[in-house]
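So this block is model_14.txt, compact mmCIF, C-alpha atoms and all ligand atoms:
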# COMPACT_ATOMS: atom_id res chain seq x y z
CA MET N 1 10.11 62.69 -81.95
CA ALA N 2 6.39 61.88 -82.03
CA ARG N 3 4.72 61.92 -85.42
CA SER N 4 2.54 64.94 -86.05
CA PHE N 5 -1.12 64.35 -86.80
CA LEU N 6 -1.93 68.05 -86.78
CA ASN N 7 -3.66 69.62 -89.73
CA ALA N 8 -2.00 72.51 -91.57
CA ILE N 9 -4.01 75.19 -89.76
CA THR N 10 -3.05 73.81 -86.36
CA GLN N 11 0.60 73.40 -87.32
CA ASN N 12 0.64 77.16 -87.91
CA ALA N 13 -1.61 77.93 -84.93
CA ALA N 14 -1.14 81.11 -82.94
CA HIS N 15 -1.04 80.93 -79.15
CA TYR N 16 -2.57 83.49 -76.83
CA THR N 17 -0.64 84.42 -73.70
CA PRO N 18 -3.08 85.09 -70.87
CA GLY N 19 -2.18 87.44 -68.03
CA GLU N 20 -0.41 85.74 -65.14
CA GLN N 21 -2.56 84.08 -62.46
CA VAL N 22 -0.73 83.38 -59.21
CA ASN N 23 -1.42 80.27 -57.21
CA GLU N 24 -0.40 81.80 -53.90
CA THR N 25 -2.15 84.19 -51.52
CA GLY N 26 -0.96 87.71 -50.69
CA TRP N 27 -0.54 89.03 -54.23
CA ILE N 28 -2.22 92.18 -55.48
CA LYS N 29 -3.31 91.45 -59.04
CA LEU N 30 -3.65 94.52 -61.21
CA ASN N 31 -2.76 92.68 -64.43
CA THR N 32 -5.94 91.08 -65.81
CA ASN N 33 -8.73 93.67 -65.44
CA GLU N 34 -10.78 91.67 -62.97
CA SER N 35 -13.28 93.44 -60.72
CA PRO N 36 -11.75 94.79 -57.50
CA LEU N 37 -15.05 94.17 -55.69
CA PRO N 38 -16.55 90.71 -55.13
CA PRO N 39 -19.73 89.56 -56.91
CA SER N 40 -23.15 90.59 -55.58
CA PRO N 41 -24.17 89.02 -52.23
CA LYS N 42 -27.17 87.67 -54.16
CA VAL N 43 -24.77 85.47 -56.14
CA PHE N 44 -23.53 83.87 -52.91
CA ARG N 45 -27.08 83.46 -51.56
CA THR N 46 -28.08 81.71 -54.79
CA LEU N 47 -25.02 79.48 -54.54
CA ALA N 48 -25.93 78.54 -50.95
CA GLU N 49 -29.50 77.71 -52.05
CA LEU N 50 -28.15 75.43 -54.76
CA VAL N 51 -25.87 73.48 -52.40
CA GLY N 52 -27.34 70.04 -51.84
CA GLN N 53 -29.66 70.20 -54.87
CA GLY N 54 -28.13 67.19 -56.55
CA ASP N 55 -30.28 67.50 -59.66
CA ILE N 56 -28.60 70.64 -60.81
CA LEU N 57 -25.35 68.74 -61.25
CA ARG N 58 -26.83 65.36 -62.18
CA LYS N 59 -28.71 66.70 -65.19
CA TYR N 60 -27.30 68.44 -68.24
CA SER N 61 -27.60 72.19 -68.21
CA HIS N 62 -30.12 73.95 -70.46
CA PRO N 63 -28.71 73.94 -74.03
CA LEU N 64 -29.53 77.65 -74.49
CA GLY N 65 -28.39 78.76 -71.03
CA GLU N 66 -31.78 79.19 -69.34
CA PRO N 67 -32.70 80.75 -66.94
CA LEU N 68 -30.03 83.31 -67.85
CA LEU N 69 -31.17 83.64 -71.46
CA SER N 70 -34.65 84.80 -70.41
CA ALA N 71 -33.20 87.12 -67.76
CA LEU N 72 -30.96 88.74 -70.40
CA ALA N 73 -33.89 89.11 -72.81
CA THR N 74 -35.91 90.89 -70.11
CA HIS N 75 -32.97 93.04 -69.02
CA TRP N 76 -32.12 94.24 -72.52
CA LYS N 77 -35.69 94.16 -73.91
CA LEU N 78 -34.49 91.88 -76.70
CA ASP N 79 -36.12 88.85 -78.19
CA LYS N 80 -34.48 85.63 -76.90
CA ALA N 81 -33.84 84.51 -80.48
CA LYS N 82 -31.38 87.42 -80.81
CA LEU N 83 -29.27 86.34 -77.83
CA MET N 84 -26.86 83.49 -77.17
CA VAL N 85 -25.31 82.65 -73.78
CA THR N 86 -21.65 81.68 -74.08
CA ASN N 87 -18.83 80.37 -71.94
CA GLY N 88 -17.25 83.77 -71.41
CA SER N 89 -17.28 86.29 -74.24
CA ASP N 90 -14.12 84.60 -75.53
CA GLU N 91 -16.33 81.70 -76.61
CA ALA N 92 -18.65 84.16 -78.40
CA LEU N 93 -15.65 85.57 -80.30
CA ALA N 94 -14.44 82.07 -81.19
CA LEU N 95 -17.89 81.07 -82.51
CA ILE N 96 -18.06 84.21 -84.64
CA CYS N 97 -14.64 83.41 -86.14
CA ARG N 98 -15.50 79.78 -86.85
CA ALA N 99 -18.82 80.66 -88.46
CA THR N 100 -17.70 83.61 -90.61
CA LEU N 101 -13.99 83.35 -91.51
CA SER N 102 -12.01 81.21 -93.96
CA ALA N 103 -8.89 81.41 -96.10
CA GLU N 104 -10.84 83.76 -98.42
CA ARG N 105 -12.61 85.77 -95.72
CA ARG N 106 -10.24 87.78 -93.53
CA ALA N 107 -10.80 89.71 -90.34
CA ALA N 108 -9.60 93.24 -89.63
CA PHE N 109 -8.99 94.87 -86.26
CA PRO N 110 -6.94 97.76 -84.88
CA ALA N 111 -3.21 96.99 -84.69
CA ILE N 112 -3.39 97.55 -80.93
CA THR N 113 -6.30 95.69 -79.37
CA TYR N 114 -7.25 92.47 -77.59
CA SER N 115 -4.57 90.06 -78.76
CA LEU N 116 -6.91 87.08 -78.68
CA TYR N 117 -8.46 88.25 -81.98
CA ASP N 118 -5.20 87.44 -83.75
CA THR N 119 -5.15 83.96 -82.21
CA LEU N 120 -8.79 83.14 -82.96
CA VAL N 121 -8.67 84.43 -86.54
CA THR N 122 -5.38 82.65 -87.35
CA ASN N 123 -6.65 79.41 -85.85
CA CYS N 124 -9.62 79.46 -88.24
CA GLY N 125 -7.20 79.47 -91.16
CA ALA N 126 -7.99 83.12 -91.95
CA ALA N 127 -5.65 86.08 -92.32
CA CYS N 128 -5.64 89.12 -90.01
CA VAL N 129 -5.58 92.68 -91.32
CA LYS N 130 -4.05 94.83 -88.59
CA VAL N 131 -5.13 98.40 -89.19
CA PRO N 132 -2.54 101.00 -88.08
CA MET N 133 -3.40 103.27 -85.15
CA LEU N 134 -3.81 107.04 -85.35
CA GLU N 135 -2.17 109.67 -83.19
CA LYS N 136 -4.62 111.97 -81.39
CA PRO N 137 -4.07 114.24 -78.38
CA GLY N 138 -4.13 112.07 -75.25
CA LEU N 139 -4.32 108.95 -77.41
CA PRO N 140 -1.16 107.98 -79.27
CA TYR N 141 -2.79 104.66 -80.25
CA ALA N 142 -6.25 105.72 -81.46
CA ILE N 143 -8.59 103.59 -83.59
CA ASP N 144 -9.00 104.51 -87.28
CA LEU N 145 -12.66 103.59 -87.94
CA ALA N 146 -12.61 104.66 -91.59
CA ALA N 147 -9.51 102.56 -92.27
CA LEU N 148 -11.16 99.54 -90.63
CA GLU N 149 -14.18 99.97 -92.90
CA SER N 150 -12.05 100.30 -96.05
CA SER N 151 -9.81 97.34 -95.16
CA ASP N 152 -9.77 94.23 -97.31
CA ALA N 153 -11.69 92.12 -94.79
CA ALA N 154 -15.11 90.53 -94.43
CA VAL N 155 -15.35 90.89 -90.66
CA ILE N 156 -14.24 93.72 -88.36
CA PHE N 157 -13.52 93.30 -84.65
CA LEU N 158 -13.83 96.45 -82.58
CA ALA N 159 -13.39 96.39 -78.80
CA ASN N 160 -15.28 99.30 -77.29
CA PRO N 161 -13.62 100.52 -75.11
CA ASN N 162 -10.51 99.19 -76.80
CA ALA N 163 -8.36 96.68 -74.97
CA ILE N 164 -5.01 97.87 -73.63
CA THR N 165 -5.64 101.55 -74.46
CA GLY N 166 -9.11 102.05 -72.92
CA GLU N 167 -10.16 104.28 -75.84
CA TYR N 168 -13.93 104.67 -76.19
CA THR N 169 -15.35 105.03 -79.70
CA PRO N 170 -18.63 107.01 -79.61
CA ARG N 171 -21.45 104.64 -80.52
CA ASP N 172 -22.98 107.10 -82.97
CA ALA N 173 -19.78 106.95 -85.01
CA ILE N 174 -19.99 103.14 -85.05
CA ARG N 175 -23.69 103.25 -86.01
CA ARG N 176 -23.03 105.59 -88.90
CA ILE N 177 -20.34 103.37 -90.33
CA ILE N 178 -22.26 100.11 -89.86
CA ALA N 179 -25.37 101.57 -91.55
CA THR N 180 -23.67 101.64 -94.96
CA SER N 181 -21.07 98.91 -94.47
CA GLN N 182 -21.05 95.63 -96.41
CA LYS N 183 -18.91 94.03 -93.69
CA LEU N 184 -19.89 92.24 -90.50
CA TRP N 185 -19.02 94.37 -87.47
CA VAL N 186 -18.34 92.62 -84.18
CA VAL N 187 -18.42 95.10 -81.31
CA ASP N 188 -16.78 93.57 -78.24
CA GLU N 189 -18.28 95.29 -75.20
CA ALA N 190 -16.31 93.52 -72.45
CA TYR N 191 -15.58 96.90 -70.80
CA ASN N 192 -18.52 98.87 -72.14
CA ASP N 193 -20.41 99.41 -68.87
CA PHE N 194 -17.45 101.44 -67.58
CA ALA N 195 -18.00 103.91 -70.44
CA GLY N 196 -21.50 104.82 -69.21
CA SER N 197 -25.09 103.68 -69.70
CA GLU N 198 -25.35 105.20 -73.18
CA ALA N 199 -22.32 103.41 -74.61
CA THR N 200 -23.67 100.01 -75.64
CA MET N 201 -24.71 99.09 -79.18
CA LEU N 202 -27.32 96.60 -77.88
CA PRO N 203 -30.30 98.93 -78.52
CA PHE N 204 -29.31 99.01 -82.22
CA VAL N 205 -28.89 95.27 -82.77
CA ALA N 206 -32.35 95.00 -84.35
CA GLU N 207 -31.56 97.75 -86.89
CA HIS N 208 -28.46 96.22 -88.46
CA ASP N 209 -28.08 92.67 -89.77
CA ASN N 210 -24.31 93.21 -90.00
CA LEU N 211 -23.82 93.82 -86.25
CA VAL N 212 -22.91 91.35 -83.52
CA VAL N 213 -22.36 92.59 -79.97
CA THR N 214 -20.45 90.49 -77.43
CA ARG N 215 -20.59 91.10 -73.68
CA THR N 216 -19.34 89.48 -70.49
CA PHE N 217 -20.06 88.97 -66.79
CA SER N 218 -16.30 88.89 -66.11
CA LYS N 219 -15.68 92.57 -65.47
CA THR N 220 -18.62 94.63 -64.17
CA HIS N 221 -20.35 91.66 -62.53
CA ALA N 222 -17.13 90.35 -60.95
CA LEU N 223 -17.59 86.82 -62.31
CA ALA N 224 -14.45 86.24 -64.40
CA GLY N 225 -13.89 82.82 -62.82
CA LEU N 226 -17.41 81.66 -63.64
CA ARG N 227 -16.96 82.11 -67.42
CA VAL N 228 -20.21 83.69 -68.61
CA GLY N 229 -20.68 85.90 -71.64
CA TYR N 230 -23.25 86.40 -74.38
CA LEU N 231 -23.69 87.67 -77.89
CA ALA N 232 -26.53 89.51 -79.57
CA THR N 233 -27.48 89.70 -83.23
CA ALA N 234 -30.72 90.15 -85.16
CA ASN N 235 -29.33 88.17 -88.09
CA ALA N 236 -31.04 84.76 -87.80
CA ALA N 237 -28.74 83.10 -90.35
CA LEU N 238 -25.68 84.22 -88.38
CA MET N 239 -27.24 82.95 -85.16
CA GLN N 240 -27.81 79.57 -86.81
CA GLY N 241 -24.18 79.50 -87.87
CA PHE N 242 -22.98 80.26 -84.33
CA THR N 243 -25.31 77.57 -82.96
CA ALA N 244 -23.86 75.01 -85.37
CA HIS N 245 -20.41 75.59 -83.88
CA LYS N 246 -21.25 75.75 -80.18
CA ASP N 247 -21.07 72.86 -77.72
CA SER N 248 -24.54 71.48 -77.02
CA TYR N 249 -24.31 72.45 -73.34
CA ASN N 250 -21.80 75.28 -73.57
CA GLU N 251 -22.79 76.99 -70.31
CA ASP N 252 -22.93 75.09 -67.03
CA ALA N 253 -26.07 74.97 -64.89
CA LEU N 254 -24.58 76.72 -61.86
CA ALA N 255 -23.17 79.54 -63.96
CA THR N 256 -26.53 80.32 -65.59
CA ARG N 257 -28.17 80.76 -62.18
CA LEU N 258 -25.35 82.71 -60.57
CA ALA N 259 -25.02 85.09 -63.51
CA GLN N 260 -28.80 85.63 -63.43
CA ALA N 261 -28.52 86.64 -59.75
CA ALA N 262 -25.71 89.06 -60.62
CA LEU N 263 -27.68 90.57 -63.53
CA GLU N 264 -30.69 91.20 -61.34
CA ASP N 265 -28.72 93.02 -58.63
CA THR N 266 -28.47 96.32 -60.48
CA ASP N 267 -27.52 98.24 -57.30
CA TRP N 268 -24.44 96.06 -56.80
CA HIS N 269 -23.51 96.42 -60.44
CA ARG N 270 -23.68 100.20 -60.07
CA SER N 271 -21.50 100.08 -56.95
CA ILE N 272 -18.81 98.17 -58.86
CA LEU N 273 -18.91 100.80 -61.62
CA ARG N 274 -18.67 103.68 -59.11
CA SER N 275 -15.77 102.09 -57.27
CA VAL N 276 -13.82 101.46 -60.48
CA VAL N 277 -14.37 104.92 -61.94
CA THR N 278 -13.35 106.61 -58.65
CA GLY N 279 -10.28 104.36 -58.39
CA ARG N 280 -9.33 105.02 -62.01
CA GLU N 281 -9.36 108.77 -61.57
CA TYR N 282 -7.36 108.48 -58.31
CA LEU N 283 -4.75 106.33 -60.07
CA ARG N 284 -4.65 108.70 -63.03
CA SER N 285 -3.78 111.75 -60.94
CA GLU N 286 -1.30 109.90 -58.68
CA LEU N 287 0.51 108.27 -61.61
CA LYS N 288 0.77 111.64 -63.37
CA ALA N 289 2.28 113.13 -60.21
CA LEU N 290 4.88 110.33 -60.28
CA GLY N 291 5.94 111.22 -63.83
CA PHE N 292 3.92 108.68 -65.83
CA ILE N 293 2.16 109.84 -69.01
CA VAL N 294 -1.35 108.46 -68.54
CA TYR N 295 -3.59 107.99 -71.59
CA ASP N 296 -7.37 108.54 -71.67
CA SER N 297 -9.31 105.45 -70.65
CA ALA N 298 -13.02 104.69 -70.36
CA ALA N 299 -12.32 101.17 -69.06
CA ASN N 300 -11.21 99.60 -65.76
CA TYR N 301 -7.51 99.97 -66.57
CA LEU N 302 -5.02 102.64 -67.52
CA LEU N 303 -2.24 102.52 -70.08
CA ALA N 304 0.63 104.69 -68.92
CA LYS N 305 4.09 105.48 -70.27
CA ALA N 306 6.68 104.81 -67.57
CA PRO N 307 8.84 107.73 -66.38
CA GLN N 308 11.98 108.29 -68.51
CA ALA N 309 14.24 107.55 -65.56
CA MET N 310 12.96 104.00 -65.16
CA GLY N 311 11.76 101.79 -68.02
CA ALA N 312 8.43 99.97 -67.93
CA ALA N 313 10.07 96.55 -67.62
CA ILE N 314 11.99 97.62 -64.51
CA VAL N 315 8.89 99.15 -62.89
CA VAL N 316 6.99 95.89 -63.45
CA GLU N 317 9.88 93.78 -62.14
CA LYS N 318 10.39 95.91 -59.02
CA LEU N 319 6.67 95.78 -58.20
CA ARG N 320 6.92 91.99 -58.07
CA ALA N 321 9.11 92.36 -54.98
CA TYR N 322 6.05 94.04 -53.39
CA LYS N 323 3.90 91.10 -54.57
CA MET N 324 2.13 93.29 -57.09
CA LEU N 325 1.37 92.36 -60.69
CA ILE N 326 0.74 94.85 -63.47
CA ARG N 327 0.98 94.18 -67.22
CA HIS N 328 3.84 94.85 -69.60
CA TYR N 329 4.00 94.01 -73.32
CA PRO N 330 7.65 93.50 -74.29
CA GLY N 331 8.35 93.63 -78.00
CA SER N 332 5.14 95.58 -78.75
CA ALA N 333 4.69 99.12 -80.10
CA PHE N 334 4.00 100.23 -76.54
CA GLU N 335 6.71 98.39 -74.66
CA ASP N 336 7.58 101.62 -72.85
CA CYS N 337 4.13 101.46 -71.22
CA VAL N 338 2.50 99.56 -68.39
CA ARG N 339 -1.15 98.65 -68.15
CA ILE N 340 -2.64 98.84 -64.69
CA SER N 341 -6.04 97.41 -63.77
CA VAL N 342 -7.96 99.51 -61.26
CA GLY N 343 -7.92 97.78 -57.88
CA SER N 344 -9.80 98.32 -54.65
CA GLU N 345 -9.19 101.54 -52.72
CA SER N 346 -6.53 99.90 -50.54
CA GLU N 347 -4.87 98.10 -53.48
CA ASN N 348 -4.66 101.36 -55.44
CA ALA N 349 -3.14 103.15 -52.44
CA LYS N 350 -0.60 100.31 -51.96
CA LEU N 351 0.35 100.45 -55.62
CA ILE N 352 0.99 104.19 -55.47
CA GLY N 353 2.94 103.83 -52.19
CA SER N 354 5.12 101.08 -53.69
CA LEU N 355 5.73 103.06 -56.89
CA LYS N 356 6.78 106.08 -54.83
CA ALA N 357 9.29 103.90 -52.96
CA ILE N 358 10.58 102.30 -56.18
CA LEU N 359 10.99 105.59 -58.01
CA SER N 360 12.70 107.40 -55.13
CA ASP N 361 15.08 104.46 -54.64
CA LYS N 362 16.39 104.17 -58.23
C1 LIG N 401 -11.53 93.15 -75.04
C2 LIG N 401 -11.85 91.87 -74.35
N1 LIG N 401 -12.81 91.11 -74.84
C3 LIG N 401 -13.14 89.95 -74.27
C4 LIG N 401 -12.49 89.51 -73.13
C5 LIG N 401 -12.84 88.16 -72.59
O1 LIG N 401 -13.73 88.17 -71.58
P1 LIG N 401 -14.37 86.86 -71.01
O2 LIG N 401 -13.85 86.71 -69.63
O3 LIG N 401 -15.83 87.12 -71.06
O4 LIG N 401 -14.01 85.71 -71.88
C6 LIG N 401 -11.48 90.27 -72.57
C7 LIG N 401 -10.78 89.79 -71.37
O5 LIG N 401 -9.94 90.38 -70.78
C8 LIG N 401 -11.14 91.48 -73.20
O6 LIG N 401 -10.13 92.23 -72.74
Translate the structure of the given file into structure tokens.
Ligand SMILES: Cc1ncc(COP(=O)(O)O)c(C=O)c1O
Amino acid sequence: MARSFLNAITQNAAHYTPGEQVNETGWIKLNTNESPLPPSPKVFRTLAELVGQGDILRKYSHPLGEPLLSALATHWKLDKAKLMVTNGSDEALALICRATLSAERRAAFPAITYSLYDTLVTNCGAACVKVPMLEKPGLPYAIDLAALESSDAAVIFLANPNAITGEYTPRDAIRRIIATSQKLWVVDEAYNDFAGSEATMLPFVAEHDNLVVTRTFSKTHALAGLRVGYLATANAALMQGFTAHKDSYNEDALATRLAQAALEDTDWHRSILRSVVTGREYLRSELKALGFIVYDSAANYLLAKAPQAMGAAIVVEKLRAYKMLIRHYPGSAFEDCVRISVGSESENAKLIGSLKAILSDK
């Protein structure tokens, strides 16, 4: 056996399991919350304009992610110094962990949420405080904001809407708690645009030095493969800390231009939102009719309890025969549930058709 040169933190490292990506055509992927629509046509036009411009690849990219950084500052009416472009919002989350956590400084998050938090926190040598969920009508796995605030942790991670469940926490409730909190609150807004235009905490970044907001181009701009995200904070010392941990050229030159094109096409962005919300409500009513218990969701996915007659694992397995992927979390508190990303109109219809066949054939 090879000798181990790993440090103690890495020897005990946690590993994140990403949703399955298939390397074969013909699959309908409703397992990783990607956009069902393609990116804006302006993204492809920008890409075509860049083809043949050797300099863009020959030179290093801009260390702060220009021209995207300026475009984001204009879009959100925020000073550039309060924004950082990152390689997906996962990188933003990793930088926050590296800059703020240690063996003495733990992180708290809801027991059911984006499982990457656990991995990132553990891999910084810090402990995770997993705050139990509450039961509310329509939401058996609801977030307990007060318990997060009173937890023994220095940093709180709150996905809004929450991952897996789709629960939206009203931003006024978050504002109220942050205003008197001594902790750093990280509000992960990967799915926030789906919850409406009044859902983001970005307008309040300047008011609170204990708030960091992370966002992504992966979902509502249909650019998951490009890996572009960003964070916002008015706390200059925090920003310096994040900068110390980031790669010098963390975002590539093509990505900064393509994401800028996507950001500026607000009509296309709105059409993605409309399509997802319509598809989500179609899936909700069809799944209910098939005997699933479907929980409230403000995101681009639904968590649903599988019908009694057929367990979640079997539903997921049988859908594979139809070349369809949805998500299942064996061994979790919600292993009787499936999580379904909203697809295109035809993908949603195919999913419901296949489920009807599977359930009538049991
Ligand atoms: C809650 C949450 N935050 C962040 C991310 C990561 O997004 P990105 O593609 O920007 O790294 C995801 C991805 O699924 C997510 O579910």
Could you build a table of the residues in chain N lying no more than 6 Å from ligand LIG 401 (chain N), giving for each the nearest pair of atoms and their separation in Å rounded to one decimal place, using only C-alpha atoms and all ligand atoms, ordered by chain and ascending residue number, as JSON lines?
{"residue": "N:Gly88", "atom": "CA", "partner": "N:LIG401", "partner_atom": "O3", "distance": 3.7}
{"residue": "N:Ser89", "atom": "CA", "partner": "N:LIG401", "partner_atom": "O3", "distance": 3.6}
{"residue": "N:Asp90", "atom": "CA", "partner": "N:LIG401", "partner_atom": "O4", "distance": 3.8}
{"residue": "N:Tyr114", "atom": "CA", "partner": "N:LIG401", "partner_atom": "C1", "distance": 5.0}
{"residue": "N:Ala159", "atom": "CA", "partner": "N:LIG401", "partner_atom": "C1", "distance": 5.3}
{"residue": "N:Ala163", "atom": "CA", "partner": "N:LIG401", "partner_atom": "C1", "distance": 4.7}
{"residue": "N:Asp188", "atom": "CA", "partner": "N:LIG401", "partner_atom": "N1", "distance": 5.8}
{"residue": "N:Ala190", "atom": "CA", "partner": "N:LIG401", "partner_atom": "N1", "distance": 4.9}
{"residue": "N:Thr216", "atom": "CA", "partner": "N:LIG401", "partner_atom": "O3", "distance": 4.3}
{"residue": "N:Ser218", "atom": "CA", "partner": "N:LIG401", "partner_atom": "O2", "distance": 4.8}
{"residue": "N:Ala224", "atom": "CA", "partner": "N:LIG401", "partner_atom": "O2", "distance": 5.3}
{"residue": "N:Arg227", "atom": "CA", "partner": "N:LIG401", "partner_atom": "O2", "distance": 6.0}
{"residue": "N:Gly229", "atom": "CA", "partner": "N:LIG401", "partner_atom": "O3", "distance": 5.0}
Subject >> Asn33 in chain N surroundings by all atoms listed in the file, 8 Å radius, close-in-sequence under 2 positions cut, as a PyMOL selection string >> reply: chain N and resi 30-31+35+219+300-301+341-342
**OP:** Can you pull out every residue within 12 Å of Ala195 in chain N, counting all atoms listed in the file, but drop anything in the same chain fewer than 5 positions away, and send it as JSON, numbers by chain?
**Re:** {"N": [160, 161, 162, 166, 167, 168, 169, 170, 171, 189, 190, 200, 220, 273, 274, 276, 277, 296, 297, 298, 299, 300, 301]}
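From CA of Val213 in chain N back to CA of Leu231 in chain N, the distance works out to 5.5 Å.
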**OP:** For Phe334 in chain N, work out the shell of residues within 10 Å, counting all atoms listed in the file and skipping chain neighbours fewer than 6 positions away, then give it as a ChimeraX atom specification.
**Re:** /N:112,140-141,164-165,303-305,312,328
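In terms of minimum interatomic distance to Ser61 in chain N, N:Thr256 ranks closest within N:Thr256, N:Ser151, N:Ser360, N:Thr266, counting all atoms listed in the file.
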**OP:** Show which residues sit within 8 Å of Pro36 in chain N, as number ranges by chain. Count all atoms listed in the file, and ignore same-chain residues fewer than 2 positions away.
**Re:** N: 34, 38, 222, 272, 276, 342-344
